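This report refers to the structure that appears directly beneath it.
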Amino acid sequence: MASADQPVAFHTGELDRADVQALLAQHLAGMHAQSPPESVHALPLEGLRRSDLTFFSARDADGALLGVGALRELDAGHGEIKSMRTVDAARNRGIGAAMLGHLLHVARERGYAQVSLETGTPDGFAPARRLYERHGFTRCPPFADYREDPFSCCMTLALAGPSA
């Protein structure tokens with residue numbers, strides 16, 4: 001299985017592939033295992049088919065699924081990162097950082113001035129929060145339809161332009 005220093009190919013869509021659906025089901029189950037139902041903001045499969053959302057998968061050179069992520073347009077200048085997940089076998093290999101880099105690249109290409117996200121506050125979400133912080137995200141008040149919630153942490157990043 002590839003690491004981020006080996007070729008990773010990003011694909012748009014693929015929501016009908018069995019391996020993607022299995023990873024998304026695992027992701028949703030994990031969110032429900034760590035947070036009460038009203039605090040789970042991960043989208044089910046059909047929610048990832050929204051017209052304002054672009055879904056991506058990351059695969060190694062052999063076609064094995066490494067991870068997924070999505071970018072939702074909140075408005076013309078503000079995007080939201082959704083449903084980032086790395087397959088268990090590829091954890092700690094830089095795949096999450098590679099997917100995040102890809103999503104930020106797409107956000108800059110679209111001309112977004114800001115990208116935000118919501119993640120959990122329980123200990124199981126600590127690696128995700130550290131990843132986002134390493135890439136410049138800072139905590140912010142709830143945005144879009146999010147509300148204050150002790151199980152949620154909202155974060156945002158100002159984008160400096162296509163070459164940043």
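Ordering of the structure tokens sets the chain letters (A, B, ...), residue numbers begin anew at 1 in every chain, and ligands are numbered from 1 in the order given.
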Exercise: Cys154 of chain A partners within 9 Å, only C-alpha atoms, chain neighbours under 6 positions left out, as a ChimeraX atom specification | /A:116-120,138-143,146
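Every protein or nucleic acid residue with an atom no more than 12 Å from Asp75 of chain A, counting only C-alpha atoms and leaving out same-chain residues fewer than 3 positions away, appears here: Asp52, Leu53, Leu71, Arg72, His78, Gly79, Glu80, Ala107, Arg110, Gly111, Tyr112, Ala113, Gln114, Val115, Ser116, Phe143 and Ala144 of chain A.
Between atom CA of Ala18 of chain A and atom CA of Glu38 of chain A the separation is 27.6 Å.
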Subject >> DSSP-assigned strand (DSSP E) among chain A, expressed as a PyMOL selection string >> reply: chain A and resi 9-12+53-59+65-75+78-86+114-120+138-139+152-158
Selection near Met84 of chain A, 9 Å with only C-alpha atoms, sequence-local residues under 2 positions removed, as a VMD selection string: chain A and resid 27 67 to 70 81 to 82 86 96 99 to 100
Residue subset to file, keeping N, CA and C atoms, as a PDB file, in the first residue's frame:
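The resulting file, out37.pdb, is shown below:
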ATOM      1  N   HIS A  27     -16.700   5.045   8.398  1.00  0.00           N
ATOM      2  CA  HIS A  27     -16.548   6.411   8.873  1.00  0.00           C
ATOM      3  C   HIS A  27     -17.781   6.843   9.670  1.00  0.00           C
ATOM      4  N   GLY A  67      -8.054   6.679   0.824  1.00  0.00           N
ATOM      5  CA  GLY A  67      -8.846   7.595   1.636  1.00  0.00           C
ATOM      6  C   GLY A  67      -9.851   8.347   0.799  1.00  0.00           C
ATOM      7  N   VAL A  68     -10.662   9.126   1.491  1.00  0.00           N
ATOM      8  CA  VAL A  68     -11.693   9.924   0.844  1.00  0.00           C
ATOM      9  C   VAL A  68     -11.771  11.292   1.503  1.00  0.00           C
ATOM     10  N   GLY A  69     -12.409  12.203   0.814  1.00  0.00           N
ATOM     11  CA  GLY A  69     -12.666  13.538   1.345  1.00  0.00           C
ATOM     12  C   GLY A  69     -13.601  14.267   0.407  1.00  0.00           C
ATOM     13  N   ALA A  70     -14.206  15.324   0.898  1.00  0.00           N
ATOM     14  CA  ALA A  70     -15.153  16.080   0.078  1.00  0.00           C
ATOM     15  C   ALA A  70     -15.009  17.565   0.363  1.00  0.00           C
ATOM     16  N   ILE A  81     -14.754  21.475   4.289  1.00  0.00           N
ATOM     17  CA  ILE A  81     -14.208  20.125   4.146  1.00  0.00           C
ATOM     18  C   ILE A  81     -15.122  19.153   4.877  1.00  0.00           C
ATOM     19  N   LYS A  82     -15.487  18.072   4.197  1.00  0.00           N
ATOM     20  CA  LYS A  82     -16.389  17.064   4.742  1.00  0.00           C
ATOM     21  C   LYS A  82     -15.800  15.673   4.544  1.00  0.00           C
ATOM     22  N   THR A  86      -9.200   8.108   6.157  1.00  0.00           N
ATOM     23  CA  THR A  86      -8.143   7.270   5.594  1.00  0.00           C
ATOM     24  C   THR A  86      -8.446   5.814   5.937  1.00  0.00           C
ATOM     25  N   GLY A  96      -3.901  11.367   4.877  1.00  0.00           N
ATOM     26  CA  GLY A  96      -4.800  12.441   5.312  1.00  0.00           C
ATOM     27  C   GLY A  96      -4.258  13.806   4.920  1.00  0.00           C
ATOM     28  N   MET A  99      -4.688  14.220   1.161  1.00  0.00           N
ATOM     29  CA  MET A  99      -6.077  14.536   0.809  1.00  0.00           C
ATOM     30  C   MET A  99      -6.389  15.979   1.195  1.00  0.00           C
ATOM     31  N   LEU A 100      -5.973  16.395   2.380  1.00  0.00           N
ATOM     32  CA  LEU A 100      -6.217  17.768   2.803  1.00  0.00           C
ATOM     33  C   LEU A 100      -5.552  18.743   1.828  1.00  0.00           C
TER      34      LEU A 100
END
Item to complete: Pick out the residues sitting within 8 Å of Leu43 of chain A, and hand them over as a PyMOL selection string; count only C-alpha atoms, and ignore anything fewer than 3 positions along from it in its own chain.
Response: chain A and resi 28+46-48+82-83
